[in-house]
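Chemist: Please find target09.csv (CSV, C-alpha atoms and all ligand atoms) on the next line:
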```csv
chain,number,residue,atom,x,y,z
A,1,MET,CA,-78.3,-97.1,5.5
A,2,THR,CA,-76.6,-100.3,6.6
A,3,ALA,CA,-74.3,-100.6,9.6
A,4,PRO,CA,-71.8,-103.4,10.1
A,5,ILE,CA,-73.1,-105.6,12.9
A,6,PRO,CA,-70.5,-105.9,15.7
A,7,ALA,CA,-69.6,-109.2,17.2
A,8,GLU,CA,-71.6,-110.5,20.2
A,9,LEU,CA,-70.8,-108.5,23.4
A,10,ASN,CA,-67.7,-109.8,25.1
A,11,PRO,CA,-66.0,-107.2,27.2
A,12,PRO,CA,-62.9,-108.2,29.2
A,13,GLN,CA,-63.3,-109.5,32.7
A,14,ARG,CA,-62.0,-107.0,35.2
A,15,LEU,CA,-61.5,-106.8,38.9
A,16,LEU,CA,-63.3,-103.5,39.8
A,17,LEU,CA,-61.3,-101.8,42.6
A,18,GLY,CA,-61.9,-98.2,41.4
A,19,PRO,CA,-64.3,-95.5,42.7
A,20,GLY,CA,-67.3,-97.5,41.3
A,21,PRO,CA,-68.8,-99.5,39.8
A,22,SER,CA,-67.8,-102.2,42.3
A,23,MET,CA,-68.0,-106.0,41.7
A,24,VAL,CA,-71.5,-107.4,41.4
A,25,SER,CA,-72.6,-110.7,42.8
A,26,PRO,CA,-73.8,-113.3,40.2
A,27,ARG,CA,-77.0,-113.4,42.3
A,28,VAL,CA,-77.6,-109.8,41.3
A,29,LEU,CA,-76.8,-110.4,37.7
A,30,ARG,CA,-79.2,-113.4,37.7
A,31,ALA,CA,-82.0,-111.3,39.3
A,32,MET,CA,-81.6,-108.7,36.4
A,33,ALA,CA,-82.3,-111.5,33.9
A,34,THR,CA,-85.6,-112.3,35.5
A,35,PRO,CA,-88.5,-111.9,33.0
A,36,LEU,CA,-90.2,-108.5,33.2
A,37,ILE,CA,-93.6,-107.8,34.6
A,38,GLY,CA,-95.5,-104.5,34.3
A,39,HIS,CA,-94.5,-101.8,36.7
A,40,LEU,CA,-98.1,-101.4,37.9
A,41,ASP,CA,-98.6,-105.2,38.2
A,42,PRO,CA,-99.7,-106.1,41.7
A,43,ALA,CA,-96.8,-108.5,41.9
A,44,PHE,CA,-94.4,-105.7,41.2
A,45,LEU,CA,-96.0,-103.5,43.8
A,46,VAL,CA,-95.1,-106.3,46.4
A,47,ILE,CA,-91.5,-106.2,45.1
A,48,MET,CA,-91.4,-102.4,45.6
A,49,ASN,CA,-92.6,-102.7,49.1
A,50,GLU,CA,-89.9,-105.2,49.8
A,51,VAL,CA,-87.3,-102.9,48.4
A,52,GLN,CA,-88.6,-100.0,50.4
A,53,ALA,CA,-88.5,-102.0,53.7
A,54,MET,CA,-84.9,-103.2,53.0
A,55,LEU,CA,-83.8,-99.7,52.1
A,56,ARG,CA,-85.1,-98.4,55.4
A,57,ALA,CA,-83.1,-101.1,57.2
A,58,ALA,CA,-79.9,-100.1,55.2
A,59,PHE,CA,-80.5,-96.4,55.9
A,60,GLN,CA,-81.4,-97.1,59.5
A,61,THR,CA,-84.5,-95.0,59.2
A,62,GLN,CA,-88.3,-95.3,59.9
A,63,ASN,CA,-89.0,-92.7,57.1
A,64,PRO,CA,-92.0,-93.9,55.2
A,65,PHE,CA,-90.8,-92.0,52.2
A,66,THR,CA,-87.8,-94.2,51.3
A,67,ILE,CA,-87.6,-95.1,47.6
A,68,ALA,CA,-85.2,-95.6,44.7
A,69,ILE,CA,-84.9,-92.8,42.2
A,70,SER,CA,-84.5,-93.8,38.6
A,71,GLY,CA,-81.0,-92.8,37.6
A,72,THR,CA,-77.6,-92.9,39.1
A,73,GLY,CA,-76.3,-91.3,42.3
A,74,SER,CA,-76.3,-87.9,40.7
A,75,ALA,CA,-80.0,-88.2,40.0
A,76,GLY,CA,-80.4,-88.8,43.7
A,77,MET,CA,-78.3,-85.7,44.4
A,78,GLU,CA,-80.3,-83.6,42.0
A,79,ALA,CA,-83.7,-84.9,43.4
A,80,ALA,CA,-82.6,-84.1,46.9
A,81,LEU,CA,-81.7,-80.6,46.1
A,82,VAL,CA,-84.1,-79.3,43.5
A,83,ASN,CA,-87.2,-80.4,45.5
A,84,VAL,CA,-86.1,-78.5,48.6
A,85,ILE,CA,-84.6,-75.4,47.1
A,86,GLN,CA,-86.7,-72.5,46.0
A,87,PRO,CA,-85.1,-69.5,44.3
A,88,GLY,CA,-83.4,-67.3,46.8
A,89,ASP,CA,-83.1,-69.9,49.5
A,90,THR,CA,-79.8,-70.0,51.3
A,91,VAL,CA,-78.1,-73.4,51.1
A,92,ILE,CA,-74.8,-74.1,52.8
A,93,VAL,CA,-72.7,-76.7,51.0
A,94,GLY,CA,-69.6,-78.4,52.3
A,95,VAL,CA,-67.1,-78.4,49.4
A,96,ASN,CA,-64.0,-80.5,49.9
A,97,GLY,CA,-64.0,-82.6,46.8
A,98,VAL,CA,-65.7,-83.3,43.5
A,99,PHE,CA,-69.1,-84.2,44.9
A,100,GLY,CA,-69.5,-81.2,47.2
A,101,THR,CA,-68.6,-79.1,44.2
A,102,ARG,CA,-71.3,-80.9,42.2
A,103,MET,CA,-73.9,-80.2,45.0
A,104,ALA,CA,-72.8,-76.5,44.9
A,105,ASP,CA,-73.3,-76.5,41.2
A,106,ILE,CA,-76.9,-77.8,41.5
A,107,VAL,CA,-77.7,-75.3,44.2
A,108,GLY,CA,-76.7,-72.5,41.9
A,109,ARG,CA,-78.6,-74.0,39.0
A,110,SER,CA,-81.7,-74.2,41.2
A,111,GLY,CA,-81.6,-70.5,42.0
A,112,GLY,CA,-80.4,-71.0,45.5
A,113,ASN,CA,-78.2,-68.6,47.4
A,114,LEU,CA,-75.1,-70.7,47.6
A,115,VAL,CA,-72.9,-70.5,50.7
A,116,LYS,CA,-69.8,-72.6,50.2
A,117,LEU,CA,-68.0,-73.9,53.2
A,118,GLU,CA,-64.5,-75.0,52.1
A,119,VAL,CA,-61.6,-76.9,53.4
A,120,PRO,CA,-58.7,-78.4,51.4
A,121,TRP,CA,-59.5,-81.6,49.6
A,122,GLY,CA,-58.9,-84.6,51.9
A,123,GLN,CA,-59.9,-82.6,55.0
A,124,THR,CA,-63.4,-82.6,56.7
A,125,PHE,CA,-65.6,-80.0,58.4
A,126,THR,CA,-65.7,-79.6,62.1
A,127,ARG,CA,-69.0,-79.2,63.9
A,128,THR,CA,-67.9,-75.8,65.1
A,129,ALA,CA,-67.2,-74.6,61.5
A,130,ILE,CA,-70.6,-75.8,60.4
A,131,GLU,CA,-72.3,-74.2,63.3
A,132,GLU,CA,-70.5,-70.9,62.7
A,133,ALA,CA,-71.5,-71.0,59.0
A,134,VAL,CA,-75.2,-71.6,59.9
A,135,LYS,CA,-75.2,-68.8,62.5
A,136,LYS,CA,-73.5,-66.4,60.1
A,137,ALA,CA,-75.7,-67.1,57.1
A,138,GLY,CA,-79.0,-65.9,58.5
A,139,LYS,CA,-82.0,-67.9,57.4
A,140,VAL,CA,-80.8,-71.2,56.0
A,141,LYS,CA,-83.0,-73.6,54.1
A,142,ALA,CA,-80.6,-76.5,54.1
A,143,VAL,CA,-77.1,-77.7,54.9
A,144,ALA,CA,-75.7,-80.2,52.4
A,145,LEU,CA,-72.7,-82.4,53.1
A,146,VAL,CA,-71.0,-85.4,51.5
A,147,HIS,CA,-70.6,-88.2,54.1
A,148,ALA,CA,-68.1,-90.2,52.0
A,149,GLU,CA,-66.1,-88.0,49.6
A,150,THR,CA,-65.1,-90.4,46.9
A,151,SER,CA,-62.7,-88.0,45.2
A,152,THR,CA,-60.5,-87.7,48.3
A,153,GLY,CA,-61.2,-90.7,50.5
A,154,ALA,CA,-62.4,-88.5,53.4
A,155,GLN,CA,-65.2,-89.4,55.8
A,156,GLN,CA,-67.3,-86.5,57.1
A,157,SER,CA,-68.7,-86.9,60.6
A,158,ILE,CA,-72.5,-86.3,60.5
A,159,GLU,CA,-73.3,-87.1,64.2
A,160,ASP,CA,-75.3,-84.5,65.9
A,161,LEU,CA,-75.6,-82.3,62.8
A,162,GLY,CA,-79.4,-82.9,62.4
A,163,GLN,CA,-80.2,-81.3,65.7
A,164,LEU,CA,-77.8,-78.4,64.9
A,165,CYS,CA,-79.6,-77.8,61.6
A,166,HIS,CA,-83.1,-78.1,63.1
A,167,ASP,CA,-82.2,-75.7,65.9
A,168,HIS,CA,-81.6,-73.1,63.1
A,169,GLY,CA,-84.7,-74.1,61.0
A,170,ALA,CA,-82.6,-75.8,58.3
A,171,LEU,CA,-82.8,-79.2,56.8
A,172,LEU,CA,-79.8,-81.6,56.6
A,173,VAL,CA,-79.1,-83.1,53.2
A,174,VAL,CA,-76.5,-85.9,53.1
A,175,ASP,CA,-74.8,-87.7,50.2
A,176,THR,CA,-74.1,-91.3,51.2
A,177,VAL,CA,-73.3,-92.6,47.7
A,178,THR,CA,-70.0,-94.2,48.8
A,179,SER,CA,-71.1,-95.0,52.4
A,180,LEU,CA,-74.4,-96.8,52.3
A,181,GLY,CA,-73.7,-100.5,52.8
A,182,GLY,CA,-70.0,-99.9,53.6
A,183,ILE,CA,-69.9,-97.8,56.7
A,184,PRO,CA,-72.6,-96.9,59.2
A,185,VAL,CA,-75.3,-94.7,57.7
A,186,THR,CA,-77.8,-93.9,60.6
A,187,VAL,CA,-80.3,-91.5,59.1
A,188,ASP,CA,-82.6,-91.3,62.1
A,189,ALA,CA,-79.9,-91.1,64.7
A,190,TRP,CA,-78.2,-88.3,62.6
A,191,GLY,CA,-81.5,-86.5,62.3
A,192,ALA,CA,-80.8,-86.1,58.6
A,193,ASP,CA,-83.6,-85.0,56.4
A,194,VAL,CA,-82.8,-85.9,52.8
A,195,VAL,CA,-80.3,-88.7,52.3
A,196,TYR,CA,-79.5,-90.3,48.9
A,197,SER,CA,-77.1,-92.9,47.6
A,198,GLY,CA,-76.3,-94.9,44.5
A,199,THR,CA,-76.4,-98.6,43.7
A,200,GLN,CA,-72.9,-99.2,42.2
A,201,LYS,CA,-70.7,-98.4,45.2
A,202,CYS,CA,-71.0,-100.3,48.5
A,203,LEU,CA,-74.3,-101.9,47.6
A,204,SER,CA,-72.6,-103.8,44.7
A,205,CYS,CA,-75.4,-103.5,42.2
A,206,PRO,CA,-75.0,-102.1,38.7
A,207,PRO,CA,-75.4,-98.3,38.3
A,208,GLY,CA,-79.0,-97.1,37.6
A,209,LEU,CA,-80.9,-96.4,40.8
A,210,ALA,CA,-80.4,-93.8,43.6
A,211,PRO,CA,-81.8,-94.9,47.0
A,212,LEU,CA,-83.4,-91.9,48.7
A,213,THR,CA,-85.0,-91.3,52.0
A,214,VAL,CA,-86.9,-88.1,53.1
A,215,SER,CA,-87.8,-87.3,56.7
A,216,PRO,CA,-91.4,-86.2,57.5
A,217,ARG,CA,-90.0,-82.8,58.3
A,218,ALA,CA,-88.5,-82.4,54.8
A,219,LEU,CA,-91.6,-83.8,53.1
A,220,GLU,CA,-93.6,-81.0,54.7
A,221,VAL,CA,-91.1,-78.5,53.4
A,222,ILE,CA,-91.3,-80.0,49.9
A,223,LYS,CA,-95.1,-80.1,49.9
A,224,ALA,CA,-95.3,-76.5,51.1
A,225,ARG,CA,-93.1,-75.1,48.4
A,226,LYS,CA,-94.5,-72.3,46.3
A,227,GLY,CA,-94.4,-73.1,42.6
A,228,LYS,CA,-93.6,-76.4,41.0
A,229,CYS,CA,-90.4,-78.3,41.4
A,230,PRO,CA,-88.4,-77.2,38.3
A,231,SER,CA,-87.6,-80.9,37.4
A,232,TRP,CA,-90.6,-82.8,36.1
A,233,TYR,CA,-88.7,-86.2,36.2
A,234,LEU,CA,-87.4,-85.8,39.7
A,235,ASP,CA,-90.5,-84.1,41.2
A,236,LEU,CA,-90.7,-86.0,44.5
A,237,GLY,CA,-94.3,-85.0,45.1
A,238,MET,CA,-95.3,-86.8,41.9
A,239,ILE,CA,-92.9,-89.7,42.4
A,240,ALA,CA,-94.3,-90.1,45.9
A,241,ASP,CA,-97.7,-90.9,44.4
A,242,TYR,CA,-96.2,-93.8,42.5
A,243,TRP,CA,-94.4,-95.3,45.5
A,244,ALA,CA,-97.2,-94.6,48.0
A,245,GLU,CA,-99.0,-97.8,49.1
A,246,GLY,CA,-102.6,-97.7,47.8
A,247,LYS,CA,-101.9,-95.0,45.2
A,248,ARG,CA,-99.3,-96.2,42.7
A,249,ALA,CA,-100.2,-93.6,40.1
A,250,TYR,CA,-98.2,-93.8,36.9
A,251,HIS,CA,-95.4,-91.2,36.7
A,252,HIS,CA,-92.7,-92.8,34.7
A,253,THR,CA,-92.0,-96.5,33.9
A,254,ALA,CA,-89.9,-97.9,36.7
A,255,PRO,CA,-86.6,-99.5,35.5
A,256,ILE,CA,-87.9,-103.0,36.4
A,257,SER,CA,-84.7,-104.9,36.0
A,258,MET,CA,-82.8,-102.5,38.1
A,259,VAL,CA,-85.4,-102.8,40.9
A,260,TYR,CA,-84.9,-106.6,40.7
A,261,ALA,CA,-81.1,-106.0,41.0
A,262,LEU,CA,-81.4,-103.7,43.9
A,263,ARG,CA,-83.7,-106.1,45.7
A,264,GLU,CA,-81.2,-108.9,45.4
A,265,SER,CA,-78.2,-106.7,46.4
A,266,LEU,CA,-80.1,-105.5,49.5
A,267,ARG,CA,-81.0,-109.1,50.4
A,268,ILE,CA,-77.2,-109.8,50.3
A,269,VAL,CA,-76.5,-106.8,52.5
A,270,LEU,CA,-79.0,-107.8,55.1
A,271,GLU,CA,-78.1,-111.5,55.0
A,272,GLU,CA,-74.5,-110.5,55.8
A,273,GLY,CA,-75.7,-108.1,58.5
A,274,LEU,CA,-74.8,-104.4,58.6
A,275,GLU,CA,-72.3,-104.6,61.5
A,276,PRO,CA,-70.4,-107.6,60.0
A,277,ARG,CA,-70.4,-105.9,56.7
A,278,PHE,CA,-68.9,-102.7,58.1
A,279,ALA,CA,-66.3,-104.7,60.0
A,280,ARG,CA,-65.4,-106.5,56.8
A,281,HIS,CA,-64.9,-103.1,55.0
A,282,ARG,CA,-62.7,-101.9,57.9
A,283,LEU,CA,-60.5,-105.0,57.9
A,284,HIS,CA,-59.7,-105.1,54.2
A,285,ALA,CA,-59.1,-101.4,54.1
A,286,LYS,CA,-56.7,-101.7,57.0
A,287,ALA,CA,-54.8,-104.5,55.2
A,288,LEU,CA,-54.7,-102.6,51.9
A,289,MET,CA,-53.5,-99.4,53.5
A,290,ALA,CA,-50.7,-101.3,55.4
A,291,GLY,CA,-49.6,-102.8,52.0
A,292,LEU,CA,-49.8,-99.5,50.2
A,293,ALA,CA,-47.7,-97.9,53.0
A,294,ALA,CA,-45.1,-100.5,52.4
A,295,LEU,CA,-45.0,-99.3,48.8
A,296,GLY,CA,-44.4,-95.8,49.9
A,297,CYS,CA,-48.0,-94.6,49.3
A,298,ALA,CA,-49.1,-92.2,52.1
A,299,PRO,CA,-52.8,-91.8,52.8
A,300,ASN,CA,-54.3,-88.7,51.3
A,301,ALA,CA,-57.2,-88.0,53.7
A,302,GLN,CA,-57.1,-86.5,57.1
A,303,GLU,CA,-56.1,-89.0,59.8
A,304,GLY,CA,-59.1,-90.4,61.7
A,305,HIS,CA,-61.4,-89.5,58.8
A,306,ARG,CA,-60.3,-92.1,56.2
A,307,LEU,CA,-62.9,-94.0,54.3
A,308,PRO,CA,-62.5,-97.8,54.3
A,309,SER,CA,-64.6,-98.0,51.1
A,310,LEU,CA,-62.4,-95.6,49.1
A,311,ASN,CA,-58.7,-95.7,49.9
A,312,CYS,CA,-57.0,-92.6,48.4
A,313,VAL,CA,-53.2,-92.6,48.6
A,314,GLN,CA,-50.4,-90.4,47.2
A,315,VAL,CA,-48.5,-91.8,44.3
A,316,PRO,CA,-44.8,-92.2,45.1
A,317,SER,CA,-42.7,-89.4,43.6
A,318,GLY,CA,-41.2,-90.0,40.1
A,319,ILE,CA,-44.0,-92.5,39.1
A,320,ASP,CA,-46.1,-91.9,36.1
A,321,GLU,CA,-49.4,-92.8,37.8
A,322,ALA,CA,-51.5,-93.0,34.7
A,323,ALA,CA,-49.0,-95.5,33.1
A,324,VAL,CA,-49.1,-97.7,36.2
A,325,ARG,CA,-52.9,-97.6,36.3
A,326,ARG,CA,-53.1,-98.4,32.6
A,327,ALA,CA,-50.7,-101.4,33.1
A,328,LEU,CA,-52.8,-102.6,36.0
A,329,LEU,CA,-55.8,-102.6,33.8
A,330,LEU,CA,-54.4,-104.0,30.6
A,331,GLU,CA,-51.9,-106.5,32.1
A,332,PHE,CA,-53.6,-107.5,35.3
A,333,ASN,CA,-57.2,-106.7,34.6
A,334,ILE,CA,-57.5,-104.6,37.7
A,335,GLU,CA,-59.2,-101.2,37.7
A,336,ILE,CA,-58.3,-98.5,40.2
A,337,GLY,CA,-59.0,-94.8,40.0
A,338,GLY,CA,-56.8,-91.8,39.5
A,339,GLY,CA,-57.1,-88.3,41.0
A,340,LEU,CA,-59.7,-85.7,40.0
A,341,GLY,CA,-59.3,-81.9,40.0
A,342,PRO,CA,-56.4,-80.7,42.1
A,343,LEU,CA,-55.5,-84.4,42.9
A,344,ALA,CA,-55.2,-85.3,39.2
A,345,GLY,CA,-51.8,-87.1,38.7
A,346,LYS,CA,-51.1,-87.2,42.4
A,347,VAL,CA,-53.2,-89.9,43.9
A,348,TRP,CA,-54.6,-93.4,43.4
A,349,ARG,CA,-58.0,-94.3,44.6
A,350,VAL,CA,-58.6,-98.0,45.4
A,351,GLY,CA,-62.2,-98.8,46.1
A,352,LEU,CA,-63.0,-101.7,48.4
A,353,MET,CA,-66.7,-101.5,48.1
A,354,GLY,CA,-69.3,-104.2,48.8
A,355,GLU,CA,-68.3,-107.4,46.9
A,356,SER,CA,-64.9,-105.9,46.1
A,357,SER,CA,-63.9,-105.7,49.7
A,358,ARG,CA,-62.1,-109.1,50.1
A,359,GLN,CA,-58.7,-110.5,51.0
A,360,ASP,CA,-58.0,-112.0,47.6
A,361,ASN,CA,-58.6,-108.7,45.9
A,362,VAL,CA,-56.3,-106.9,48.4
A,363,VAL,CA,-53.6,-109.4,47.8
A,364,ALA,CA,-54.1,-109.2,44.0
A,365,VAL,CA,-53.9,-105.4,43.7
A,366,LEU,CA,-50.9,-105.1,46.1
A,367,SER,CA,-48.9,-107.8,44.3
A,368,ALA,CA,-49.7,-106.4,40.9
A,369,LEU,CA,-48.6,-102.9,42.1
A,370,GLU,CA,-45.4,-104.5,43.4
A,371,VAL,CA,-44.6,-105.9,40.0
A,372,LEU,CA,-45.3,-102.6,38.3
A,373,LEU,CA,-43.4,-100.5,40.9
A,374,LYS,CA,-40.4,-102.9,40.7
A,375,ARG,CA,-40.4,-102.4,36.9
A,376,ALA,CA,-40.4,-98.6,37.6
A,377,GLY,CA,-37.4,-99.1,39.9
A,378,LYS,CA,-39.3,-98.1,43.0
A,379,VAL,CA,-39.5,-101.5,44.7
A,380,GLN,CA,-36.3,-103.5,45.3
A,381,ARG,CA,-37.7,-106.4,47.2
A,382,PRO,CA,-41.2,-107.5,46.0
A,383,GLY,CA,-43.3,-109.1,48.7
A,384,ALA,CA,-43.0,-106.5,51.4
A,385,SER,CA,-46.4,-105.0,50.6
A,386,VAL,CA,-48.3,-108.3,50.5
A,387,ALA,CA,-46.5,-109.3,53.7
A,388,ALA,CA,-47.6,-106.1,55.4
A,389,ALA,CA,-51.2,-106.8,54.5
A,390,LEU,CA,-50.9,-110.4,55.7
A,391,GLU,CA,-49.7,-109.2,59.0
A,392,VAL,CA,-52.9,-107.3,59.4
A,393,TYR,CA,-54.9,-110.4,58.6
A,394,ALA,CA,-52.8,-112.5,61.0
A,395,ALA,CA,-53.4,-110.0,63.9
B,1,LIG,C1,-70.3,-91.7,42.6
B,1,LIG,C2,-70.8,-90.6,43.4
B,1,LIG,C3,-71.9,-89.7,43.1
B,1,LIG,C4,-72.5,-89.7,41.7
B,1,LIG,O1,-73.0,-90.9,41.4
B,1,LIG,P1,-73.2,-91.3,39.9
B,1,LIG,O2,-73.8,-92.7,40.0
B,1,LIG,O3,-71.8,-91.3,39.2
B,1,LIG,O4,-74.1,-90.4,39.3
B,1,LIG,C5,-72.3,-88.8,44.0
B,1,LIG,N1,-71.7,-88.6,45.2
B,1,LIG,C6,-70.6,-89.4,45.5
B,1,LIG,C7,-70.0,-89.2,46.9
B,1,LIG,C8,-70.2,-90.4,44.7
B,1,LIG,O5,-69.1,-91.1,45.0
```
Would it be possible to restate this file's structure as structure tokens?
Modeler:
Amino acid sequence: MTAPIPAELNPPQRLLLGPGPSMVSPRVLRAMATPLIGHLDPAFLVIMNEVQAMLRAAFQTQNPFTIAISGTGSAGMEAALVNVIQPGDTVIVGVNGVFGTRMADIVGRSGGNLVKLEVPWGQTFTRTAIEEAVKKAGKVKAVALVHAETSTGAQQSIEDLGQLCHDHGALLVVDTVTSLGGIPVTVDAWGADVVYSGTQKCLSCPPGLAPLTVSPRALEVIKARKGKCPSWYLDLGMIADYWAEGKRAYHHTAPISMVYALRESLRIVLEEGLEPRFARHRLHAKALMAGLAALGCAPNAQEGHRLPSLNCVQVPSGIDEAAVRRALLLEFNIEIGGGLGPLAGKVWRVGLMGESSRQDNVVAVLSALEVLLKRAGKVQRPGASVAAALEVYAA
């Protein structure tokens, strides 16, 4: 068999303002091109320690067990759940979007007794609702919540929930895929037990690793489980032996280049500082939302619970949202996201994550949208949207 050899790789250059991946710093791309060393090389073990220490800082935790799972954010989600759940265990999952739905799916596949806590997409769960669900469910193994629901733009409050779960003998599992590095993730202050993320959102690293941190309490539960974890690849007990200082037993080959990339992206996060980074995400989201409001795009998520890293807005009536998104991509080289599930065709999702969260990007996407909405007859006077964003910057 012969195959025609395609031309050398040369994809278009896009501005990534969708739900991920986000823009990646050239520093991270250069780190990925660093020559490989073996994943058991003593020099690599030093690099792993550095990554672990920086992940602890990003997660705001002292948990010794803080690592990067091989695979994307969903691998982190699966690892978090399949290690904790044994068949028959009751797990309460907050379902208010795509990622809560995915967690619920994994609980079912793991043989857990799934208790779904539901609110309409775009809304969040009150502490009272969670407490009632825990009290009603009897013996609960874990409560699983999505901190930043990328499909709706809603931010779930996690404060105080660790204590609430522990008072009822349950673990708290939190998805921080679209929050880590963009808004405060305070694992120890929350009292959260298993928290995972992904690299390609607010950490601005290519997709491929899932940062994960496990509290000593959760580690005991995982170690005490009867029967093996049903996933060999994501078995945290075995993976722990690779990451544990002094052990470093072979389990699977670490994706070396991705670890290099994560190391550099974490250096960038910590150089900027967590607080300034969060403030930057808030500022640019505020400017973007002001500009989108001037275009007639109302926010989708519950007021007071809107994510700065993922700005989800309703598409003005009479607009073919997919056509606008396509033109944004093909004419302006800007990627944004559309709606999923019940929000399909109804919303746009503009990600301002990590490197993507910048004034020039806000102005670029707003002015391109003005052009396209003028063409669709929705905007009479282009400029109002950019002006609204600039007012936020001037203030
Ligand atoms: C993106 C995302 C995931 C899944 O991550 P993948 O990298 O696509 O596997 C999980 N949870 C949330 C909240 C996400 O935004």
Chemist: Pick from A:Ser265, A:Gln123, A:Gln314, A:Thr199: nearest to Ala293 (chain A), with all atoms listed in the file counted?
Modeler: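 Distance minimum relative to Ala293 (chain A) lands on A:Gln314.
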Chemist: Closest to ligand LIG 1 (chain B) among A:Thr90, A:Thr126, A:Ser22, A:Asn333, using all atoms listed in the file?
Modeler: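 Of A:Thr90, A:Thr126, A:Ser22, A:Asn333, the one nearest ligand LIG 1 (chain B) is A:Ser22, counting all atoms listed in the file.
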Chemist: Neighbours of ligand LIG 1 (chain B) at 9 Å or closer, counting all atoms listed in the file: which residues, as a VMD selection string?
Modeler: chain A and resid 19 to 21 71 to 77 97 to 100 102 to 103 146 to 151 175 to 179 196 to 201 207 to 210
Chemist: Considering all atoms listed in the file, return as a list in words whatever protein or nucleic-acid residues lie within 9 Å of Ala368 (chain A), sequence-local ones (same chain, fewer than 6 positions apart) excluded.
Modeler: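 Here the answer would be Leu328, Phe332 and Ile334 of chain A.
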Chemist: Using CA of Ser215 (chain A) and CA of Asp193 (chain A) as the two end points, give the distance in Å to one decimal.
Modeler: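 CA of Asp193 (chain A) lies at a distance of 4.8 Å from CA of Ser215 (chain A).
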Chemist: Rounded to one decimal in Å, what is the spacing between CA of Met48 (chain A) and CA of Trp243 (chain A)?
Modeler: 7.7 Å
Chemist: Return the single residue from A:Thr61, A:Lys135, A:Asn83, A:Pro35 that is closest to Lys223 (chain A), with distances computed using all atoms listed in the file.
Modeler: A:Asn83
Chemist: Give me, please, the distance in Å between CA of Lys116 (chain A) and CA of Leu343 (chain A), quoted to one decimal.
Modeler: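 So the answer is 19.9 Å.
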Chemist: Of the candidates A:Cys205, A:Leu117, A:Ala79, A:Val221, which shows the shortest atom-to-atom distance to Lys141 (chain A), using all atoms listed in the file?
Modeler: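 Of A:Cys205, A:Leu117, A:Ala79, A:Val221, the one nearest Lys141 (chain A) is A:Val221, counting all atoms listed in the file.
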Chemist: A:Ile239, A:Ala376, A:Ala294, A:Ala142: which is nearest Ser317 (chain A), counting all atoms listed in the file?
Modeler: A:Ala376
